[in-house]
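Engineer: Once you've had a glance at the structure underneath, I'll fire off some questions.
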Amino acid sequence: MIGQESAAPAAANWFVENAWLIVLLPTVSAVLTLFIGKRTPGRGAVYGILAIGTAFVLSVGALWQFVQHGGGRFVKSVEWFQVGSFHVEAGQLIDGLAAVMLVVVTAISLCVHIYSVGYMHGDQRYTWFFVVLSLFTAAMLNVVIASNLFQLLLGWEVMGVCSYLLIGHWWEERENSSAAIKAFITTRIGDVPFTFGIFALVFAAGFETANIEEVGHVIAEGRASNALVSGAALLLFGGTIGKSAQFPLHVWLPDAMAGPTPVSALIHAATMVAAGVYLVGRLYEVFVHADPFVLQFVAIIAGITMLGAAMLAIVQDDIKRVLAYSTISQLAYMVAGLSMGPEGVTAGFFHLWTHAFFKALLFLGAGAVIHAVHSNNMSEMGGLRAPLRTTFWTFLIGSLALAGIPPLAGFWSKDELITVASDGHPVLFVTFLVTAFLTAFYMTRGVALTFFGDYRGHGHPHEAPVSMTGPLVALAAATVVVGFVGAPQLDAPFAQWVFFEEPHIPEFSPLVAAIAVIVAIAGIAVGWGLYGRRREEDPVLQLGPVTTTLQNRYYIDRAYMSYVVLPIRDRLSSAVYWFDRNVLDGVVNGAAAFARALSLVVAWFDRRVIDGAVNGAAGTAGFTGGILRYIQSGNVQRYAAFLFTGVVILAIVVTRI
């Protein structure tokens, strides 16, 4: 069965109709790189770059179609199988939200692929890295265009496997393999309720379909009970908590920095963590029609996460961990936006859009620094402003954007979120502002410790190759301009891109914008005042119990280790070991003993009965055969004697009778 539904003229556009190619291209590049990559000049990187580059062009074409024709929606699906009245389909659902996400994912992935050519040069698993990187991108793109919940789940889980492989790319070091396992298990914990949430939606649809649009219609029309919809929403949000690293499953993301830096950039900007936020937006009908407490719960989780992660970022020495906690905090901004109604959804996705560009820029900039000094620790950096001039200026642009300084991208999206929160969400409003201050502070600290003062490392740092600095310049340029597509003064076209049918554009408030900028400048001023000159002692590490608590990550990781990991690893594993040795081994050994005894019985029966019968039959046959052979010898005299003897015996018998 092939069906399609669209709002003309969007459906007539080639780019929209063939959006499935955007997923197919990186998938094919992964296969080509795997099988012939090592025999290709450049060891296979060219396949991924060409595929993602082409996918980016197709994505821009699809988005441009929506912009030109004022929106629409294109749905096309092919049935996988049918069980009774239940249909499972695969296909594409392309609307403004999907079109925007396609551009984000392909743009960031293209920069990461090009950057990786220089960063991963000389790596012993260079080709394999590009295989998984392309597959990782393809999985996220499948999530974006999926028209069916199970198709979305497939891409969701393939992403989890790819993240495990990429985070643990340098698995020879225990830290890296442990980080990969931690990320895989933690996100799987979130995937359990997410999967049950999908089952709940299928149940709500009467076990007839898992099509995302049809399920949305069922819920919007009130054909499912409120309790079921609310339960499904909470279960689905469990997947967001895991993938988008929200409290209490945020613990995997900082440790995931053990993987190669390009992987960190892709995870933090466009794939894994963005998937959780995108999920809520794609299935927003479920959340908006659930009980109000569901979105209140979402807001509480987001508030705890954004403030808690920002506090942790201020005490980190590893430059990538600073950015990792920053990502957790900024993701919470987006999740909080999704909890504040239609205008909040627009602002949340606008922040997802802008954050992708400047966070990818920051991670790739951090990778260029690490590439130069061969260390992740800012305590071993400093004074890199001169030797790494391109990296410095691009990193500075990304930092200012993250801090929310106008006119850079982060200002426009953060301002929208804070503006929406100022109208009826006072707790989130204050939390946004405090987090914004901390963000500006820790990014100023990071820039000062990395690029200013005296160099505290070893060797002679030098600028990265063009394959690495080129993407930095491109992302820096994007960071300057992409925020304007959501500027209210320019009619905020981004809101129309994402929600063409009913765009909800947050109103611009000069007062709120001024407050947000003042808070950001205050954070920069405090950060520069503490770190602009001072180098001997880190001020935030001199706060006694506060510093200790932050350095121990609020003891959450320790609690997980003590009350979850160790009981499972030690006690449960001991019980499993005992069961294996005493029960399973007992059953196996008993079966073996029984088989051995049975074989002895069978052997005796074979020798004594079957062999005896066969040998007896053979002996009888041999005896009778011997007699016949003696009788039928061909000797005439013997025949005459036998005949005479027979006649005599017959005569005696007759006479007796």
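Ordering of the structure tokens sets the chain letters (A, B, ...); residue numbers start at 1 within each chain; ligands are numbered from 1 in the order shown.
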Got a sec: who's within 8 Å of Ala476 (chain A), counting only C-alpha atoms, leaving out chain neighbours fewer than 2 positions off, as JSON, numbers by chain?
Structural biologist: {"A": [357, 358, 361, 394, 397, 398, 472, 473, 474, 478, 479, 480]}
Engineer: Store the residues picked out above, limited to N, CA, C and O atoms, as a short mmCIF file (atom, residue, chain, number, x, y, z; two decimals), in the first residue's frame.
Structural biologist:
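Result saved to result.cif:
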```
data_model
loop_
_atom_site.label_atom_id
_atom_site.label_comp_id
_atom_site.auth_asym_id
_atom_site.auth_seq_id
_atom_site.Cartn_x
_atom_site.Cartn_y
_atom_site.Cartn_z
N PHE A 357 24.95 25.36 15.54
CA PHE A 357 26.07 25.97 14.83
C PHE A 357 27.17 26.43 15.78
O PHE A 357 28.34 26.11 15.57
N PHE A 358 26.80 27.16 16.85
CA PHE A 358 27.89 27.65 17.69
C PHE A 358 28.45 26.60 18.63
O PHE A 358 29.60 26.66 19.02
N LEU A 361 30.88 24.72 16.51
CA LEU A 361 32.05 25.58 16.38
C LEU A 361 32.94 25.47 17.62
O LEU A 361 34.17 25.34 17.51
N THR A 394 37.59 32.37 16.07
CA THR A 394 36.35 31.61 15.86
C THR A 394 35.80 31.07 17.18
O THR A 394 34.58 31.09 17.40
N ILE A 397 34.04 33.88 18.95
CA ILE A 397 32.71 34.14 18.41
C ILE A 397 31.70 33.13 18.96
O ILE A 397 30.59 33.49 19.37
N GLY A 398 32.09 31.85 18.99
CA GLY A 398 31.20 30.83 19.54
C GLY A 398 30.91 31.06 21.01
O GLY A 398 29.78 30.87 21.47
N LEU A 472 35.83 25.67 10.89
CA LEU A 472 35.70 26.65 11.97
C LEU A 472 35.24 28.00 11.43
O LEU A 472 34.35 28.65 11.99
N VAL A 473 35.85 28.44 10.35
CA VAL A 473 35.48 29.72 9.74
C VAL A 473 34.04 29.67 9.23
O VAL A 473 33.26 30.61 9.43
N ALA A 474 33.66 28.57 8.59
CA ALA A 474 32.30 28.43 8.06
C ALA A 474 31.27 28.47 9.20
O ALA A 474 30.24 29.15 9.10
N ALA A 478 28.36 31.22 10.08
CA ALA A 478 26.97 30.83 10.31
C ALA A 478 26.47 31.33 11.67
O ALA A 478 25.33 31.78 11.79
N THR A 479 27.33 31.29 12.68
CA THR A 479 26.96 31.76 14.01
C THR A 479 26.59 33.24 14.00
O THR A 479 25.74 33.69 14.77
N VAL A 480 27.22 34.00 13.12
CA VAL A 480 26.93 35.43 13.03
C VAL A 480 25.56 35.68 12.40
O VAL A 480 24.85 36.60 12.80
#
```
Engineer: Just the residues within 8 Å of His355 (chain A), please, counting only C-alpha atoms, with nothing from its chain fewer than 5 positions along; format it as a PyMOL selection string.
Structural biologist: chain A and resi 269+330+402+409-410
Engineer: Restrict the selected residues to N, CA, C and O atoms and save them as a tab-separated table (two decimals), in the first residue's frame.
Structural biologist:
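The file below, out_8.tsv, is the result:
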```tsv
chain	number	residue	atom	x	y	z
A	269	ALA	N	25.80	18.67	18.81
A	269	ALA	CA	25.21	19.72	18.00
A	269	ALA	C	24.05	19.25	17.13
A	269	ALA	O	23.13	20.02	16.89
A	330	GLN	N	22.21	23.86	27.99
A	330	GLN	CA	21.49	24.46	26.87
A	330	GLN	C	20.36	23.56	26.36
A	330	GLN	O	19.31	24.06	25.91
A	402	LEU	N	27.26	31.78	22.70
A	402	LEU	CA	26.73	30.96	23.79
A	402	LEU	C	26.36	31.82	25.00
A	402	LEU	O	25.36	31.57	25.68
A	409	ALA	N	24.09	34.58	17.17
A	409	ALA	CA	22.91	33.71	17.10
A	409	ALA	C	22.32	33.40	18.47
A	409	ALA	O	21.10	33.39	18.65
A	410	GLY	N	23.18	33.13	19.45
A	410	GLY	CA	22.68	32.75	20.76
A	410	GLY	C	21.83	33.80	21.42
A	410	GLY	O	20.92	33.49	22.20
```
Engineer: Pick out the residues sitting within 7 Å of Asn142 (chain A), and hand them over as a PyMOL selection string; count only C-alpha atoms, and ignore anything fewer than 5 positions along from it in its own chain.
Structural biologist: chain A and resi 23+152+155
Engineer: Taking the DSSP assignment computed from this structure's backbone, write out as an MDAnalysis selection string all residues of region 210-424 of chain A that belong to helix (DSSP H, G or I).
Structural biologist: chainID A and resid 212:220 226:243 252:258 261:269 272:282 284:288 292:313 319:338 341:373 378:380 389:403 409:422
Engineer: Quick one: of A:Thr391, A:Gln489, A:Ser326, A:Ser178, who's nearest to Ala436 (chain A), counting only C-alpha atoms?
Structural biologist: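 Residue with the minimum atom-to-atom distance to Ala436 (chain A): A:Ser326.
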Engineer: Measuring between only C-alpha atoms, which one of A:Met159, A:Val112, A:Ala332, A:Leu50 shows the shortest distance to Ala265 (chain A)?
Structural biologist: A:Val112
Engineer: At a cut-off of 10 Å, using only C-alpha atoms, what residues contact Phe293 (chain A)? Leave out same-chain residues fewer than 5 positions from it and give the result as a list in words.
Structural biologist: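 Here the answer would be Ser230, Leu234, Val298 and Ala299 of chain A.
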Engineer: Let me see the file: selected residues, C-alpha atoms, as a tab-separated table (two decimals), in the first residue's frame.
Structural biologist:
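The result, stored in result_27.tsv:
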```tsv
chain	number	residue	atom	x	y	z
A	230	SER	CA	-0.54	11.29	29.93
A	234	LEU	CA	5.73	10.61	30.46
A	298	VAL	CA	9.08	18.55	31.96
A	299	ALA	CA	9.70	22.11	33.19
```
Engineer: Find, counting only C-alpha atoms, the residue in A:Val447, A:Ala302, A:Val485, A:Met378 that gets nearest to Ser413 (chain A).
Structural biologist: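 When distances to Ser413 (chain A) are compared using only C-alpha atoms, the smallest one comes from A:Val485.
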Engineer: Would you mind telling me which residue in A:Val576, A:Leu63, A:Ile114, A:Leu133 lies nearest to Gly42 (chain A) when using only C-alpha atoms?
Structural biologist: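 Closest to Gly42 (chain A) of all the choices is A:Ile114.
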Engineer: Which residues, written as a list in words, have at least one atom at most 10 Å from Trp171 (chain A), with only C-alpha atoms counted and residues fewer than 6 positions away on the same chain left out?
Structural biologist: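 Contacts, with the query itself left out: Leu165, Ser177, Ser178, Ala179, Ala180, Ala258 and Gly259 of chain A.
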Engineer: With N, CA, C and O atoms retained, export the selected residues as a tab-separated table (two decimals), in the first residue's frame.
Structural biologist:
```tsv
chain	number	residue	atom	x	y	z
A	165	LEU	N	30.08	2.96	19.45
A	165	LEU	CA	31.27	2.66	18.66
A	165	LEU	C	32.18	3.88	18.53
A	165	LEU	O	33.41	3.75	18.55
A	177	SER	N	36.73	2.96	26.74
A	177	SER	CA	35.77	1.85	26.66
A	177	SER	C	34.72	1.95	27.76
A	177	SER	O	33.54	1.68	27.52
A	178	SER	N	35.12	2.39	28.94
A	178	SER	CA	34.17	2.56	30.04
A	178	SER	C	33.16	3.66	29.72
A	178	SER	O	31.96	3.54	30.03
A	179	ALA	N	33.65	4.75	29.12
A	179	ALA	CA	32.75	5.85	28.75
A	179	ALA	C	31.73	5.39	27.71
A	179	ALA	O	30.56	5.76	27.77
A	180	ALA	N	32.18	4.58	26.76
A	180	ALA	CA	31.26	4.08	25.73
A	180	ALA	C	30.20	3.17	26.35
A	180	ALA	O	29.01	3.28	26.01
A	258	ALA	N	35.46	11.32	26.09
A	258	ALA	CA	36.63	10.48	25.88
A	258	ALA	C	36.81	10.11	24.41
A	258	ALA	O	37.91	9.76	23.98
A	259	GLY	N	35.74	10.22	23.62
A	259	GLY	CA	35.83	9.91	22.21
A	259	GLY	C	36.51	11.02	21.42
A	259	GLY	O	36.80	12.10	21.95
```
Engineer: Contacts of Val104 (chain A) at 9 Å or less, counting only C-alpha atoms, minus same-chain residues fewer than 5 places along, as a ChimeraX atom specification?
Structural biologist: /A:56,59,99,109,269-270,353,356-357
Engineer: Deliver the residues from the most recent selection as a file, using all heavy atoms, as a PDB file, in the first residue's frame.
Structural biologist:
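That gives us again.pdb:
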```pdb
ATOM      1  N   PHE A  56      23.157  17.730   2.047  1.00  0.00           N
ATOM      2  CA  PHE A  56      22.974  19.113   2.502  1.00  0.00           C
ATOM      3  C   PHE A  56      22.290  19.952   1.419  1.00  0.00           C
ATOM      4  O   PHE A  56      21.367  20.724   1.702  1.00  0.00           O
ATOM      5  CB  PHE A  56      24.321  19.719   2.883  1.00  0.00           C
ATOM      6  CG  PHE A  56      24.261  21.193   3.190  1.00  0.00           C
ATOM      7  CD1 PHE A  56      23.579  21.659   4.300  1.00  0.00           C
ATOM      8  CD2 PHE A  56      24.883  22.113   2.360  1.00  0.00           C
ATOM      9  CE1 PHE A  56      23.519  23.015   4.586  1.00  0.00           C
ATOM     10  CE2 PHE A  56      24.831  23.466   2.633  1.00  0.00           C
ATOM     11  CZ  PHE A  56      24.143  23.923   3.747  1.00  0.00           C
ATOM     12  N   SER A  59      18.714  19.028   1.320  1.00  0.00           N
ATOM     13  CA  SER A  59      18.016  19.553   2.497  1.00  0.00           C
ATOM     14  C   SER A  59      17.687  21.027   2.332  1.00  0.00           C
ATOM     15  O   SER A  59      16.579  21.479   2.661  1.00  0.00           O
ATOM     16  CB  SER A  59      18.870  19.334   3.749  1.00  0.00           C
ATOM     17  OG  SER A  59      19.131  17.967   3.964  1.00  0.00           O
ATOM     18  N   ALA A  99      12.138  19.774   7.744  1.00  0.00           N
ATOM     19  CA  ALA A  99      13.015  20.441   6.779  1.00  0.00           C
ATOM     20  C   ALA A  99      14.111  21.231   7.487  1.00  0.00           C
ATOM     21  O   ALA A  99      15.275  21.220   7.064  1.00  0.00           O
ATOM     22  CB  ALA A  99      12.186  21.368   5.883  1.00  0.00           C
ATOM     23  N   SER A 109      27.047  17.847  10.100  1.00  0.00           N
ATOM     24  CA  SER A 109      27.744  16.608   9.768  1.00  0.00           C
ATOM     25  C   SER A 109      28.763  16.838   8.659  1.00  0.00           C
ATOM     26  O   SER A 109      29.856  16.249   8.683  1.00  0.00           O
ATOM     27  CB  SER A 109      26.736  15.538   9.339  1.00  0.00           C
ATOM     28  OG  SER A 109      27.390  14.323   9.047  1.00  0.00           O
ATOM     29  N   ALA A 269      25.804  18.670  18.815  1.00  0.00           N
ATOM     30  CA  ALA A 269      25.209  19.717  18.003  1.00  0.00           C
ATOM     31  C   ALA A 269      24.053  19.250  17.131  1.00  0.00           C
ATOM     32  O   ALA A 269      23.128  20.018  16.888  1.00  0.00           O
ATOM     33  CB  ALA A 269      26.285  20.361  17.118  1.00  0.00           C
ATOM     34  N   ALA A 270      24.083  18.010  16.656  1.00  0.00           N
ATOM     35  CA  ALA A 270      23.126  17.673  15.602  1.00  0.00           C
ATOM     36  C   ALA A 270      22.538  16.274  15.666  1.00  0.00           C
ATOM     37  O   ALA A 270      21.615  15.993  14.899  1.00  0.00           O
ATOM     38  CB  ALA A 270      23.792  17.860  14.235  1.00  0.00           C
ATOM     39  N   TRP A 353      18.225  25.274  16.739  1.00  0.00           N
ATOM     40  CA  TRP A 353      18.792  25.696  15.455  1.00  0.00           C
ATOM     41  C   TRP A 353      20.087  26.471  15.658  1.00  0.00           C
ATOM     42  O   TRP A 353      21.118  26.143  15.078  1.00  0.00           O
ATOM     43  CB  TRP A 353      17.743  26.510  14.715  1.00  0.00           C
ATOM     44  CG  TRP A 353      18.212  27.386  13.602  1.00  0.00           C
ATOM     45  CD1 TRP A 353      18.590  28.692  13.696  1.00  0.00           C
ATOM     46  CD2 TRP A 353      18.332  27.045  12.217  1.00  0.00           C
ATOM     47  NE1 TRP A 353      18.930  29.193  12.466  1.00  0.00           N
ATOM     48  CE2 TRP A 353      18.782  28.209  11.536  1.00  0.00           C
ATOM     49  CE3 TRP A 353      18.098  25.897  11.480  1.00  0.00           C
ATOM     50  CZ2 TRP A 353      19.006  28.236  10.159  1.00  0.00           C
ATOM     51  CZ3 TRP A 353      18.317  25.920  10.107  1.00  0.00           C
ATOM     52  CH2 TRP A 353      18.763  27.064   9.460  1.00  0.00           C
ATOM     53  N   ALA A 356      23.097  24.521  17.478  1.00  0.00           N
ATOM     54  CA  ALA A 356      23.806  23.531  16.667  1.00  0.00           C
ATOM     55  C   ALA A 356      25.049  24.137  16.029  1.00  0.00           C
ATOM     56  O   ALA A 356      26.117  23.519  16.008  1.00  0.00           O
ATOM     57  CB  ALA A 356      22.877  22.981  15.592  1.00  0.00           C
ATOM     58  N   PHE A 357      24.953  25.358  15.542  1.00  0.00           N
ATOM     59  CA  PHE A 357      26.068  25.971  14.828  1.00  0.00           C
ATOM     60  C   PHE A 357      27.172  26.428  15.782  1.00  0.00           C
ATOM     61  O   PHE A 357      28.345  26.113  15.573  1.00  0.00           O
ATOM     62  CB  PHE A 357      25.564  27.141  13.975  1.00  0.00           C
ATOM     63  CG  PHE A 357      24.683  26.707  12.845  1.00  0.00           C
ATOM     64  CD1 PHE A 357      23.297  26.737  12.970  1.00  0.00           C
ATOM     65  CD2 PHE A 357      25.224  26.236  11.659  1.00  0.00           C
ATOM     66  CE1 PHE A 357      22.475  26.322  11.933  1.00  0.00           C
ATOM     67  CE2 PHE A 357      24.418  25.819  10.618  1.00  0.00           C
ATOM     68  CZ  PHE A 357      23.030  25.859  10.755  1.00  0.00           C
TER      69      PHE A 357
END
```
Engineer: May I have a table of the residues of region 254-310 of chain A lying at most 12 Å from region 542-554 of chain A, giving each one's closest pair of atoms and their distance in Å to one decimal, counting only C-alpha atoms, ordered by chain and ascending residue number, as a Markdown table?
Structural biologist:
```
| residue | atom | partner | partner_atom | distance |
| --- | --- | --- | --- | --- |
| A:Pro254 | CA | A:Arg553 | CA | 10.6 |
| A:Asp255 | CA | A:Arg553 | CA | 11.9 |
| A:Gly308 | CA | A:Tyr554 | CA | 8.9 |
| A:Ala309 | CA | A:Arg553 | CA | 9.1 |
| A:Ala310 | CA | A:Leu550 | CA | 10.4 |
```
Engineer: Convert the current residue selection to file output with C-alpha atoms, as a tab-separated table (two decimals), in the first residue's frame.
Structural biologist:
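Writing the result to again05.tsv gives the following:
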```tsv
chain	number	residue	atom	x	y	z
A	254	PRO	CA	30.50	14.43	30.14
A	255	ASP	CA	32.24	11.05	30.09
A	308	GLY	CA	22.86	22.11	37.94
A	309	ALA	CA	24.89	21.54	34.77
A	310	ALA	CA	25.93	25.19	34.55
```
Engineer: Identify, on the basis of only C-alpha atoms, every residue whose closest approach to Tyr560 (chain A) does not exceed 12 Å; exclude the query and any residue fewer than 4 positions from it along the same chain; express the result as a list of chain:residue names.
Structural biologist: A:Lys182, A:Thr186, A:Pro248, A:Leu249, A:His250, A:Val251, A:Trp252, A:Arg553, A:Tyr554, A:Tyr555, A:Ile556, A:Val564, A:Val565, A:Leu566, A:Pro567, A:Ile568, A:Arg569
